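> Below is a structure I'd like to ask you about.
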Amino acid sequence: MRTIKSFTEAAKGPRRALALCLALALLACLGRGTRAEMAPADTFAQEAQQLLLQMDGGQELSADLVVGYLASEAGEINPVHCNERDMVSLNQLVFESVVELDETQKPVPLLADSWSVEGNVWTFRMRQGVQFHNGMECLAQDVVASFEALRASESNPYAARLSMIESMTAVDAYTLQVTSRYAGMITLYAMTFPVMERSTISDLLPRGTGPYWYISYVPGVSVRLERNPLWWKQQPYIESVVGLCYYTTAEALEALQTGAIDALSTRSYSAAFNRRLSTVTATDYPTASYELLVPNLSASSPLSDVRVRRAVMYAIDRATLVSNAYLEMAQQSEVPIVPGTWLYESQSAIYYYSPERALQLLYEAGWTNLTSPAKLSRLGEDGLVEDLDIRIITYTDSVSSVRTTAAEQIAANLNAIGITTTVLSGTIDQVREAMGNGRYDLALMGVNLSEVPNLRPLLGADGAVNLSGASSAELDALLARTFTAVTEEEMRSAYSDVQMYVAENLPFLGLVFRTGSVLSTRSLAGLSGTREMDVYNGLEFVAQ
């Protein structure tokens, strides 16, 4: 248990601001210590404690778990306006949804205990006796009010899934009727938004039904959660959780190393070293960030030949790519479904590192060693020799050059089998311009997918992130089935067919999903089904 001070009010005036600054410094100084363990000579820490005791009426609060989170100084925690990744995860401890995603990301009942569907009209029966943190019972009317508030806001991560719903009505206190744009089971993903007690939706800290409730929140400083004695499930083992706000990953990692916090969730590559420390336990989780190679499908590029695309997939040593370029913070996947989740088709993993198989495919496509043992070429239609030369383009961001490193390793793999490969790295705008002009063969890109398995943006003929422009009537028909599949078996079958099509036809060359880690200096055994927007899933069942 860590002893800390309560920040129950926003900073008001110089005295309050000074106290908060001193308090943060005090936390770093004390580490796991309590006030009684302070050295008498530590005058600065003593003064900070005195200021806080005066400021909070002498009350000292304790926390069983202290976590760090990244957020802006003015970050809002109300789910209607919360769009900061770490704070969304904290909200998952406070609010529950009609439907939740289980460890395999399959929709299962939560605040609803059952549902039925006729056409595109879904009827949900709400669980009775579930109380909000203010003692009010959770009713269908609260779900409707939460839906309307979230849909009206543009600053939360639920907009895309809520757009799948045409209307929502409370038939009675425990019956919710939802008219969806689709008849399929994919509608259930739209019902995973946080439900708030309707009279508190506009409050700084709305009331939820989750295992913890909010005690205090000071933007840019701290947040405090305590165990909800009204929770309808088993009482959490961890009684209190305090989050301390940091503005950079480096600051948060330092706080973890010095003992100022117990745990931190991060997807930054700068955390790769910390994951290997003997004092740190890492719980990895998948993100929706998908890394892929976009092929130039125009006739001017050799990548327009599917045999060449398949050869490239066999030529890439993706295990080494994950280790050396992505620093073990990635998971291999040829298809845009996270491996291990319920919709993932394991048979789609047809590519393995095999330079021999790559060369065989290239020979079948007409590329041989005409002029040099180390270079592939062929006779063109004009009778002239043309070499197999390709250009990989990619971009760096403000945080790391991981993608450039990955592109260079891919180039080394391709050069090794006789494909003369060059890498050009620039800004994202430069990459987009080159793709628009067709001055590339492969573009190493990252796209952000969604918890909702809507693959149309990536694979549809007019998809917003269909960067290669690949399309076919067959693929469109397969995608349509993913929106009409009603049963679990139908949905699995529909997604399996889409994944096998992607693996065989390669409209893009899938590489990896990025992963993140919950780094902790104490055991958090019990976390399960963690994912990007719910990194502390199962925390309520973690023993102290």
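All residue names refer to the structure tokens as shown: chains lettered A, B, ... in order, residues numbered from 1 in each chain, ligands numbered from 1 in order.
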Would you mind listing what lies within 7 Å of A:Gly446 as a PDB file with all heavy atoms, in the first residue's frame, with only C-alpha atoms counted and same-chain residues fewer than 2 positions away left out?


ATOM      1  N   SER A 289      -3.348  -0.997 -34.222  1.00  0.00           N
ATOM      2  CA  SER A 289      -2.415  -0.419 -35.189  1.00  0.00           C
ATOM      3  C   SER A 289      -1.795  -1.543 -36.016  1.00  0.00           C
ATOM      4  O   SER A 289      -1.063  -2.373 -35.482  1.00  0.00           O
ATOM      5  CB  SER A 289      -1.321   0.379 -34.485  1.00  0.00           C
ATOM      6  OG  SER A 289      -1.878   1.478 -33.791  1.00  0.00           O
ATOM      7  N   TYR A 290      -2.103  -1.539 -37.302  1.00  0.00           N
ATOM      8  CA  TYR A 290      -1.712  -2.626 -38.194  1.00  0.00           C
ATOM      9  C   TYR A 290      -0.673  -2.128 -39.185  1.00  0.00           C
ATOM     10  O   TYR A 290      -0.870  -1.109 -39.854  1.00  0.00           O
ATOM     11  CB  TYR A 290      -2.950  -3.135 -38.931  1.00  0.00           C
ATOM     12  CG  TYR A 290      -2.761  -4.408 -39.719  1.00  0.00           C
ATOM     13  CD1 TYR A 290      -2.093  -5.499 -39.193  1.00  0.00           C
ATOM     14  CD2 TYR A 290      -3.288  -4.515 -41.007  1.00  0.00           C
ATOM     15  CE1 TYR A 290      -1.953  -6.674 -39.912  1.00  0.00           C
ATOM     16  CE2 TYR A 290      -3.152  -5.690 -41.741  1.00  0.00           C
ATOM     17  CZ  TYR A 290      -2.472  -6.767 -41.179  1.00  0.00           C
ATOM     18  OH  TYR A 290      -2.326  -7.928 -41.902  1.00  0.00           O
ATOM     19  N   GLU A 291       0.455  -2.823 -39.253  1.00  0.00           N
ATOM     20  CA  GLU A 291       1.537  -2.471 -40.156  1.00  0.00           C
ATOM     21  C   GLU A 291       1.458  -3.346 -41.404  1.00  0.00           C
ATOM     22  O   GLU A 291       1.353  -4.583 -41.301  1.00  0.00           O
ATOM     23  CB  GLU A 291       2.896  -2.669 -39.473  1.00  0.00           C
ATOM     24  CG  GLU A 291       3.089  -1.841 -38.208  1.00  0.00           C
ATOM     25  CD  GLU A 291       3.452  -0.395 -38.495  1.00  0.00           C
ATOM     26  OE1 GLU A 291       4.354  -0.151 -39.315  1.00  0.00           O
ATOM     27  OE2 GLU A 291       2.814   0.504 -37.893  1.00  0.00           O
ATOM     28  N   LEU A 292       1.508  -2.727 -42.571  1.00  0.00           N
ATOM     29  CA  LEU A 292       1.358  -3.482 -43.815  1.00  0.00           C
ATOM     30  C   LEU A 292       2.156  -2.846 -44.943  1.00  0.00           C
ATOM     31  O   LEU A 292       2.561  -1.686 -44.865  1.00  0.00           O
ATOM     32  CB  LEU A 292      -0.124  -3.575 -44.196  1.00  0.00           C
ATOM     33  CG  LEU A 292      -0.959  -2.283 -44.182  1.00  0.00           C
ATOM     34  CD1 LEU A 292      -0.765  -1.478 -45.447  1.00  0.00           C
ATOM     35  CD2 LEU A 292      -2.424  -2.601 -43.992  1.00  0.00           C
ATOM     36  N   ASN A 448      -4.812   2.483 -38.568  1.00  0.00           N
ATOM     37  CA  ASN A 448      -5.513   2.255 -37.312  1.00  0.00           C
ATOM     38  C   ASN A 448      -6.869   1.632 -37.603  1.00  0.00           C
ATOM     39  O   ASN A 448      -7.724   2.248 -38.233  1.00  0.00           O
ATOM     40  CB  ASN A 448      -5.685   3.572 -36.550  1.00  0.00           C
ATOM     41  CG  ASN A 448      -4.370   4.103 -36.027  1.00  0.00           C
ATOM     42  OD1 ASN A 448      -3.548   3.349 -35.512  1.00  0.00           O
ATOM     43  ND2 ASN A 448      -4.146   5.408 -36.151  1.00  0.00           N
TER      44      ASN A 448
END

> If you count only C-alpha atoms, which residues fall within 8 Å of A:Val542, apart from same-chain ones fewer than 6 positions away, as a PyMOL selection string?

chain A and resi 236-238+524-527

> For those residues, write N, CA, C and O atoms to a file as a PDB file, in the first residue's frame.


ATOM      1  N   PRO A 236     -14.147  -6.199  -5.618  1.00  0.00           N
ATOM      2  CA  PRO A 236     -12.738  -6.197  -6.023  1.00  0.00           C
ATOM      3  C   PRO A 236     -11.803  -6.385  -4.833  1.00  0.00           C
ATOM      4  O   PRO A 236     -12.094  -5.943  -3.729  1.00  0.00           O
ATOM      5  N   TYR A 237     -10.670  -7.054  -5.070  1.00  0.00           N
ATOM      6  CA  TYR A 237      -9.670  -7.240  -4.021  1.00  0.00           C
ATOM      7  C   TYR A 237      -8.918  -5.936  -3.759  1.00  0.00           C
ATOM      8  O   TYR A 237      -8.622  -5.589  -2.617  1.00  0.00           O
ATOM      9  N   ILE A 238      -8.571  -5.232  -4.836  1.00  0.00           N
ATOM     10  CA  ILE A 238      -7.872  -3.964  -4.693  1.00  0.00           C
ATOM     11  C   ILE A 238      -8.891  -2.889  -4.349  1.00  0.00           C
ATOM     12  O   ILE A 238      -9.814  -2.631  -5.115  1.00  0.00           O
ATOM     13  N   LEU A 524       0.478  -8.326 -11.199  1.00  0.00           N
ATOM     14  CA  LEU A 524      -0.906  -8.021 -11.562  1.00  0.00           C
ATOM     15  C   LEU A 524      -1.531  -9.251 -12.217  1.00  0.00           C
ATOM     16  O   LEU A 524      -2.317  -9.147 -13.155  1.00  0.00           O
ATOM     17  N   ALA A 525      -1.141 -10.430 -11.725  1.00  0.00           N
ATOM     18  CA  ALA A 525      -1.718 -11.666 -12.234  1.00  0.00           C
ATOM     19  C   ALA A 525      -3.231 -11.622 -12.043  1.00  0.00           C
ATOM     20  O   ALA A 525      -3.720 -11.408 -10.940  1.00  0.00           O
ATOM     21  N   GLY A 526      -3.950 -11.787 -13.095  1.00  0.00           N
ATOM     22  CA  GLY A 526      -5.410 -11.651 -13.055  1.00  0.00           C
ATOM     23  C   GLY A 526      -5.898 -10.773 -14.174  1.00  0.00           C
ATOM     24  O   GLY A 526      -7.046 -10.878 -14.596  1.00  0.00           O
ATOM     25  N   LEU A 527      -5.022  -9.883 -14.659  1.00  0.00           N
ATOM     26  CA  LEU A 527      -5.384  -9.113 -15.840  1.00  0.00           C
ATOM     27  C   LEU A 527      -5.604 -10.085 -16.994  1.00  0.00           C
ATOM     28  O   LEU A 527      -4.787 -10.975 -17.238  1.00  0.00           O
TER      29      LEU A 527
END

> Check the smallest atom-to-atom distance from each of A:Tyr351, A:Tyr247, A:Phe541, A:Tyr285 to A:Arg514 using only C-alpha atoms, then report the winner.

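Residue with the minimum atom-to-atom distance to A:Arg514: A:Tyr285.
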
> Determine which residues of stretch 70-102 of chain A DSSP labels as strand (DSSP E) from the backbone of this structure, then write them out as a ChimeraX atom specification.

/A:70,99-101

> Could you write out the selected residues, including C-alpha atoms, as a PDB file, in the first residue's frame?


ATOM      1  CA  LEU A  70      -0.517  10.017 -20.106  1.00  0.00           C
ATOM      2  CA  VAL A  99     -22.477  -5.774 -24.173  1.00  0.00           C
ATOM      3  CA  GLU A 100     -18.805  -6.384 -23.405  1.00  0.00           C
ATOM      4  CA  LEU A 101     -15.979  -8.101 -25.283  1.00  0.00           C
TER       5      LEU A 101
END

> At most 6 Å is the cut-off: for each residue in stretch 196-218 of chain A with any atom that close to an atom of stretch 224-235 of chain A, write down the nearest atom pair and the distance in Å rounded to one decimal, counting only C-alpha atoms, chain first then increasing number, as JSON lines.


{"residue": "A:Pro211", "atom": "CA", "partner": "A:Asn228", "partner_atom": "CA", "distance": 5.3}
{"residue": "A:Tyr212", "atom": "CA", "partner": "A:Arg227", "partner_atom": "CA", "distance": 4.6}
{"residue": "A:Trp213", "atom": "CA", "partner": "A:Leu225", "partner_atom": "CA", "distance": 5.4}
{"residue": "A:Tyr214", "atom": "CA", "partner": "A:Leu225", "partner_atom": "CA", "distance": 4.6}
{"residue": "A:Ile215", "atom": "CA", "partner": "A:Arg224", "partner_atom": "CA", "distance": 5.4}
{"residue": "A:Ser216", "atom": "CA", "partner": "A:Arg224", "partner_atom": "CA", "distance": 5.3}

> Rank nothing, just name the residue among A:Asn274, A:Thr368, A:Ser377, A:Asn120 nearest to A:Gln177, using only C-alpha atoms.

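Of A:Asn274, A:Thr368, A:Ser377, A:Asn120, the one nearest A:Gln177 is A:Asn120, counting only C-alpha atoms.
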
> Counting only C-alpha atoms, what is within 8 Å of A:Ile165, bar same-chain residues fewer than 2 positions away, as a PDB file with all heavy atoms, in the first residue's frame?


ATOM      1  N   ARG A 161     -18.665   3.206 -33.990  1.00  0.00           N
ATOM      2  CA  ARG A 161     -19.567   2.091 -33.663  1.00  0.00           C
ATOM      3  C   ARG A 161     -21.004   2.566 -33.468  1.00  0.00           C
ATOM      4  O   ARG A 161     -21.943   1.862 -33.836  1.00  0.00           O
ATOM      5  CB  ARG A 161     -19.059   1.317 -32.453  1.00  0.00           C
ATOM      6  CG  ARG A 161     -19.103   2.039 -31.116  1.00  0.00           C
ATOM      7  CD  ARG A 161     -18.330   1.301 -30.059  1.00  0.00           C
ATOM      8  NE  ARG A 161     -16.895   1.340 -30.321  1.00  0.00           N
ATOM      9  CZ  ARG A 161     -15.987   0.710 -29.600  1.00  0.00           C
ATOM     10  NH1 ARG A 161     -16.358  -0.035 -28.578  1.00  0.00           N
ATOM     11  NH2 ARG A 161     -14.709   0.812 -29.893  1.00  0.00           N
ATOM     12  N   LEU A 162     -21.174   3.765 -32.913  1.00  0.00           N
ATOM     13  CA  LEU A 162     -22.533   4.260 -32.709  1.00  0.00           C
ATOM     14  C   LEU A 162     -23.210   4.619 -34.022  1.00  0.00           C
ATOM     15  O   LEU A 162     -24.436   4.634 -34.106  1.00  0.00           O
ATOM     16  CB  LEU A 162     -22.506   5.470 -31.770  1.00  0.00           C
ATOM     17  CG  LEU A 162     -22.036   5.186 -30.334  1.00  0.00           C
ATOM     18  CD1 LEU A 162     -22.105   6.437 -29.485  1.00  0.00           C
ATOM     19  CD2 LEU A 162     -22.863   4.067 -29.708  1.00  0.00           C
ATOM     20  N   SER A 163     -22.420   4.903 -35.062  1.00  0.00           N
ATOM     21  CA  SER A 163     -23.009   5.214 -36.364  1.00  0.00           C
ATOM     22  C   SER A 163     -23.686   3.994 -36.978  1.00  0.00           C
ATOM     23  O   SER A 163     -24.440   4.107 -37.942  1.00  0.00           O
ATOM     24  CB  SER A 163     -21.938   5.749 -37.316  1.00  0.00           C
ATOM     25  OG  SER A 163     -21.000   4.737 -37.645  1.00  0.00           O
ATOM     26  N   SER A 167     -31.486   3.959 -34.479  1.00  0.00           N
ATOM     27  CA  SER A 167     -32.293   4.513 -33.392  1.00  0.00           C
ATOM     28  C   SER A 167     -32.272   3.559 -32.204  1.00  0.00           C
ATOM     29  O   SER A 167     -31.961   2.377 -32.347  1.00  0.00           O
ATOM     30  CB  SER A 167     -33.737   4.754 -33.839  1.00  0.00           C
ATOM     31  OG  SER A 167     -34.379   3.530 -34.161  1.00  0.00           O
ATOM     32  N   MET A 168     -32.596   4.134 -31.025  1.00  0.00           N
ATOM     33  CA  MET A 168     -32.614   3.345 -29.796  1.00  0.00           C
ATOM     34  C   MET A 168     -33.767   3.828 -28.930  1.00  0.00           C
ATOM     35  O   MET A 168     -33.942   5.045 -28.732  1.00  0.00           O
ATOM     36  CB  MET A 168     -31.277   3.493 -29.056  1.00  0.00           C
ATOM     37  CG  MET A 168     -31.144   2.632 -27.809  1.00  0.00           C
ATOM     38  SD  MET A 168     -29.524   2.854 -27.004  1.00  0.00           S
ATOM     39  CE  MET A 168     -28.427   2.202 -28.259  1.00  0.00           C
ATOM     40  N   VAL A 178     -33.294  -1.629 -30.306  1.00  0.00           N
ATOM     41  CA  VAL A 178     -32.275  -0.969 -31.119  1.00  0.00           C
ATOM     42  C   VAL A 178     -32.497  -1.304 -32.589  1.00  0.00           C
ATOM     43  O   VAL A 178     -32.540  -2.484 -32.957  1.00  0.00           O
ATOM     44  CB  VAL A 178     -30.861  -1.411 -30.700  1.00  0.00           C
ATOM     45  CG1 VAL A 178     -29.808  -0.814 -31.624  1.00  0.00           C
ATOM     46  CG2 VAL A 178     -30.588  -1.018 -29.247  1.00  0.00           C
ATOM     47  N   THR A 179     -32.666  -0.274 -33.396  1.00  0.00           N
ATOM     48  CA  THR A 179     -32.756  -0.465 -34.841  1.00  0.00           C
ATOM     49  C   THR A 179     -31.379  -0.204 -35.430  1.00  0.00           C
ATOM     50  O   THR A 179     -30.833   0.890 -35.308  1.00  0.00           O
ATOM     51  CB  THR A 179     -33.789   0.493 -35.471  1.00  0.00           C
ATOM     52  OG1 THR A 179     -35.063   0.253 -34.870  1.00  0.00           O
ATOM     53  CG2 THR A 179     -33.895   0.253 -36.976  1.00  0.00           C
ATOM     54  N   SER A 180     -30.821  -1.236 -36.037  1.00  0.00           N
ATOM     55  CA  SER A 180     -29.458  -1.166 -36.544  1.00  0.00           C
ATOM     56  C   SER A 180     -29.438  -1.009 -38.057  1.00  0.00           C
ATOM     57  O   SER A 180     -30.418  -1.315 -38.747  1.00  0.00           O
ATOM     58  CB  SER A 180     -28.696  -2.449 -36.154  1.00  0.00           C
ATOM     59  OG  SER A 180     -27.434  -2.494 -36.773  1.00  0.00           O
ATOM     60  N   ARG A 181     -28.330  -0.535 -38.559  1.00  0.00           N
ATOM     61  CA  ARG A 181     -28.139  -0.461 -40.010  1.00  0.00           C
ATOM     62  C   ARG A 181     -27.917  -1.844 -40.594  1.00  0.00           C
ATOM     63  O   ARG A 181     -28.047  -2.046 -41.798  1.00  0.00           O
ATOM     64  CB  ARG A 181     -26.935   0.432 -40.339  1.00  0.00           C
ATOM     65  CG  ARG A 181     -27.126   1.900 -40.004  1.00  0.00           C
ATOM     66  CD  ARG A 181     -25.851   2.679 -40.249  1.00  0.00           C
ATOM     67  NE  ARG A 181     -25.362   2.513 -41.626  1.00  0.00           N
ATOM     68  CZ  ARG A 181     -24.151   2.877 -42.037  1.00  0.00           C
ATOM     69  NH1 ARG A 181     -23.300   3.404 -41.165  1.00  0.00           N
ATOM     70  NH2 ARG A 181     -23.786   2.702 -43.287  1.00  0.00           N
ATOM     71  N   THR A 187     -23.642  -5.807 -35.068  1.00  0.00           N
ATOM     72  CA  THR A 187     -24.352  -4.766 -34.310  1.00  0.00           C
ATOM     73  C   THR A 187     -23.988  -4.813 -32.834  1.00  0.00           C
ATOM     74  O   THR A 187     -23.959  -3.774 -32.153  1.00  0.00           O
ATOM     75  CB  THR A 187     -25.866  -4.931 -34.474  1.00  0.00           C
ATOM     76  OG1 THR A 187     -26.211  -4.731 -35.844  1.00  0.00           O
ATOM     77  CG2 THR A 187     -26.639  -3.940 -33.620  1.00  0.00           C
ATOM     78  N   ALA A 190     -21.550  -2.422 -31.456  1.00  0.00           N
ATOM     79  CA  ALA A 190     -21.998  -1.039 -31.268  1.00  0.00           C
ATOM     80  C   ALA A 190     -22.531  -0.808 -29.862  1.00  0.00           C
ATOM     81  O   ALA A 190     -22.663   0.331 -29.422  1.00  0.00           O
ATOM     82  CB  ALA A 190     -23.067  -0.693 -32.301  1.00  0.00           C
TER      83      ALA A 190
END

> Can you tell me, as a JSON list (two decimals) with all heavy atoms, in the first residue's frame, what residues are no more than 6 Å from A:Tyr314 when counting only C-alpha atoms, ignoring any on the same chain fewer than 5 positions away?


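Wrote it out as around_16.json, contents follow:
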[["chain", "number", "residue", "atom", "x", "y", "z"],
["A", 351, "TYR", "N", 2.10, -17.90, -44.92],
["A", 351, "TYR", "CA", 3.44, -17.47, -45.32],
["A", 351, "TYR", "C", 4.43, -17.65, -44.18],
["A", 351, "TYR", "O", 4.15, -17.30, -43.04],
["A", 351, "TYR", "CB", 3.42, -16.02, -45.79],
["A", 351, "TYR", "CG", 2.53, -15.81, -46.99],
["A", 351, "TYR", "CD1", 1.26, -15.25, -46.86],
["A", 351, "TYR", "CD2", 2.94, -16.21, -48.26],
["A", 351, "TYR", "CE1", 0.44, -15.09, -47.95],
["A", 351, "TYR", "CE2", 2.12, -16.06, -49.36],
["A", 351, "TYR", "CZ", 0.86, -15.50, -49.21],
["A", 351, "TYR", "OH", 0.05, -15.36, -50.29],
["A", 352, "TYR", "N", 5.56, -18.21, -44.50],
["A", 352, "TYR", "CA", 6.64, -18.42, -43.54],
["A", 352, "TYR", "C", 7.93, -18.01, -44.24],
["A", 352, "TYR", "O", 7.97, -17.85, -45.47],
["A", 352, "TYR", "CB", 6.70, -19.89, -43.11],
["A", 352, "TYR", "CG", 6.71, -20.87, -44.26],
["A", 352, "TYR", "CD1", 7.89, -21.32, -44.82],
["A", 352, "TYR", "CD2", 5.50, -21.31, -44.81],
["A", 352, "TYR", "CE1", 7.90, -22.19, -45.90],
["A", 352, "TYR", "CE2", 5.49, -22.20, -45.90],
["A", 352, "TYR", "CZ", 6.69, -22.64, -46.43],
["A", 352, "TYR", "OH", 6.70, -23.49, -47.50],
["A", 353, "TYR", "N", 8.96, -17.81, -43.47],
["A", 353, "TYR", "CA", 10.22, -17.35, -44.05],
["A", 353, "TYR", "C", 10.85, -18.46, -44.87],
["A", 353, "TYR", "O", 11.30, -19.48, -44.33],
["A", 353, "TYR", "CB", 11.16, -16.89, -42.95],
["A", 353, "TYR", "CG", 12.51, -16.42, -43.45],
["A", 353, "TYR", "CD1", 12.61, -15.51, -44.50],
["A", 353, "TYR", "CD2", 13.69, -16.88, -42.86],
["A", 353, "TYR", "CE1", 13.86, -15.08, -44.95],
["A", 353, "TYR", "CE2", 14.94, -16.44, -43.30],
["A", 353, "TYR", "CZ", 15.01, -15.55, -44.35],
["A", 353, "TYR", "OH", 16.23, -15.12, -44.81],
["A", 354, "SER", "N", 10.86, -18.30, -46.18],
["A", 354, "SER", "CA", 11.42, -19.31, -47.07],
["A", 354, "SER", "C", 11.93, -18.65, -48.35],
["A", 354, "SER", "O", 11.19, -18.48, -49.32],
["A", 354, "SER", "CB", 10.37, -20.37, -47.43],
["A", 354, "SER", "OG", 10.89, -21.30, -48.37],
["A", 358, "ALA", "N", 10.23, -18.36, -52.18],
["A", 358, "ALA", "CA", 10.15, -17.06, -52.84],
["A", 358, "ALA", "C", 10.77, -17.12, -54.23],
["A", 358, "ALA", "O", 10.19, -16.64, -55.22],
["A", 358, "ALA", "CB", 10.82, -15.99, -51.99]]

> If we count only C-alpha atoms, what is near A:Ile392 at a cut-off of 10 Å, once residues fewer than 4 positions away on the same chain are taken out, given as a list in words?

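Here the answer would be Leu293, Val294, Pro295, Thr404, Ala407, Glu408, Ile410, Ala411, Thr421, Thr422, Val423, Leu424, Ser425, Arg439, Tyr440, Asp441, Leu442, Ala443 and Leu444 of chain A.
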
> Between A:Ala494, A:Val452, A:Ala159, A:Met87, which is the closest to A:Ala480 once you count only C-alpha atoms?

A:Ala494

> Of the residues A:Glu154, A:Asp86, A:Glu334, A:Asp284, which is the one nearest to A:Gly529, using only C-alpha atoms?

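Of A:Glu154, A:Asp86, A:Glu334, A:Asp284, the one nearest A:Gly529, counting only C-alpha atoms, is A:Asp284.
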
> Could you go through stretch 149-292 of chain A and tell me which residues DSSP, when run on the backbone, assigns to alpha helix (DSSP H), listing them as a PyMOL selection string?

chain A and resi 149-152+159-162+249-258

> Give me, please, the distance in Å between atom CA of A:Ser520 and atom CA of A:Glu84, quoted to one decimal.

20.9 Å

> Would you kindly return, as a list in words, each protein, DNA or RNA residue with an atom no farther than 12 Å from any atom of A:Asp113, considering only C-alpha atoms and excluding same-chain residues fewer than 2 positions away?

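Within the cut-off, the hits are Ser97, Val98, Val99, Glu100, Val108, Pro109, Leu110, Leu111, Trp115, Ser116, Thr123, Phe124, Arg125, Met126, Arg127, Gln128, Gly129, Val130, Tyr174, Thr175 and Leu176 of chain A.
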
> Output N, CA, C and O atoms of each residue in that selection to a file, as a compact mmCIF listing (two decimals), in the first residue's frame.


# COMPACT_ATOMS: atom_id res chain seq x y z
N SER A 97 -21.01 -1.54 -19.99
CA SER A 97 -21.78 -1.39 -21.22
C SER A 97 -22.84 -2.49 -21.31
O SER A 97 -22.83 -3.46 -20.54
N VAL A 98 -23.74 -2.32 -22.24
CA VAL A 98 -24.81 -3.31 -22.43
C VAL A 98 -24.20 -4.66 -22.82
O VAL A 98 -24.59 -5.71 -22.34
N VAL A 99 -23.21 -4.60 -23.71
CA VAL A 99 -22.48 -5.77 -24.17
C VAL A 99 -21.00 -5.52 -23.93
O VAL A 99 -20.53 -4.38 -24.09
N GLU A 100 -20.25 -6.53 -23.54
CA GLU A 100 -18.80 -6.38 -23.40
C GLU A 100 -18.09 -7.38 -24.32
O GLU A 100 -18.71 -8.31 -24.85
N VAL A 108 -20.32 -10.50 -25.51
CA VAL A 108 -21.06 -11.30 -24.53
C VAL A 108 -21.88 -10.35 -23.66
O VAL A 108 -21.60 -9.16 -23.59
N PRO A 109 -22.94 -10.86 -23.00
CA PRO A 109 -23.80 -9.99 -22.19
C PRO A 109 -23.07 -9.36 -21.01
O PRO A 109 -22.16 -9.96 -20.44
N LEU A 110 -23.47 -8.14 -20.66
CA LEU A 110 -22.97 -7.49 -19.45
C LEU A 110 -24.15 -6.85 -18.72
O LEU A 110 -24.78 -7.50 -17.89
N LEU A 111 -24.50 -5.60 -19.04
CA LEU A 111 -25.67 -4.99 -18.41
C LEU A 111 -26.96 -5.57 -18.98
O LEU A 111 -28.02 -5.50 -18.35
N TRP A 115 -30.56 -11.13 -25.48
CA TRP A 115 -31.04 -10.32 -26.61
C TRP A 115 -31.62 -11.22 -27.68
O TRP A 115 -31.39 -12.43 -27.70
N SER A 116 -32.39 -10.61 -28.58
CA SER A 116 -32.96 -11.31 -29.72
C SER A 116 -32.98 -10.35 -30.89
O SER A 116 -32.84 -9.13 -30.71
N THR A 123 -33.57 -6.54 -29.69
CA THR A 123 -34.22 -6.29 -28.40
C THR A 123 -33.32 -6.83 -27.30
O THR A 123 -32.98 -8.02 -27.28
N PHE A 124 -32.95 -5.95 -26.39
CA PHE A 124 -32.07 -6.32 -25.27
C PHE A 124 -32.87 -6.29 -23.97
O PHE A 124 -33.59 -5.32 -23.70
N ARG A 125 -32.72 -7.35 -23.18
CA ARG A 125 -33.34 -7.39 -21.86
C ARG A 125 -32.28 -7.01 -20.84
O ARG A 125 -31.25 -7.67 -20.68
N MET A 126 -32.52 -5.91 -20.12
CA MET A 126 -31.56 -5.40 -19.17
C MET A 126 -31.54 -6.23 -17.89
O MET A 126 -32.58 -6.71 -17.43
N ARG A 127 -30.36 -6.37 -17.33
CA ARG A 127 -30.20 -7.08 -16.05
C ARG A 127 -30.83 -6.25 -14.94
O ARG A 127 -30.58 -5.04 -14.84
N GLN A 128 -31.66 -6.85 -14.11
CA GLN A 128 -32.36 -6.11 -13.05
C GLN A 128 -31.52 -6.06 -11.78
O GLN A 128 -30.73 -6.96 -11.49
N GLY A 129 -31.68 -4.98 -11.03
CA GLY A 129 -31.02 -4.84 -9.74
C GLY A 129 -29.62 -4.25 -9.78
O GLY A 129 -28.98 -4.10 -8.74
N VAL A 130 -29.13 -3.88 -10.98
CA VAL A 130 -27.80 -3.27 -11.08
C VAL A 130 -27.90 -1.80 -10.69
O VAL A 130 -28.74 -1.07 -11.22
N TYR A 174 -36.81 -2.22 -18.44
CA TYR A 174 -35.80 -3.25 -18.63
C TYR A 174 -35.72 -3.79 -20.06
O TYR A 174 -35.05 -4.78 -20.31
N THR A 175 -36.37 -3.11 -20.99
CA THR A 175 -36.36 -3.57 -22.38
C THR A 175 -35.87 -2.45 -23.29
O THR A 175 -36.40 -1.34 -23.29
N LEU A 176 -34.82 -2.75 -24.04
CA LEU A 176 -34.19 -1.79 -24.94
C LEU A 176 -34.34 -2.28 -26.36
O LEU A 176 -34.00 -3.42 -26.68
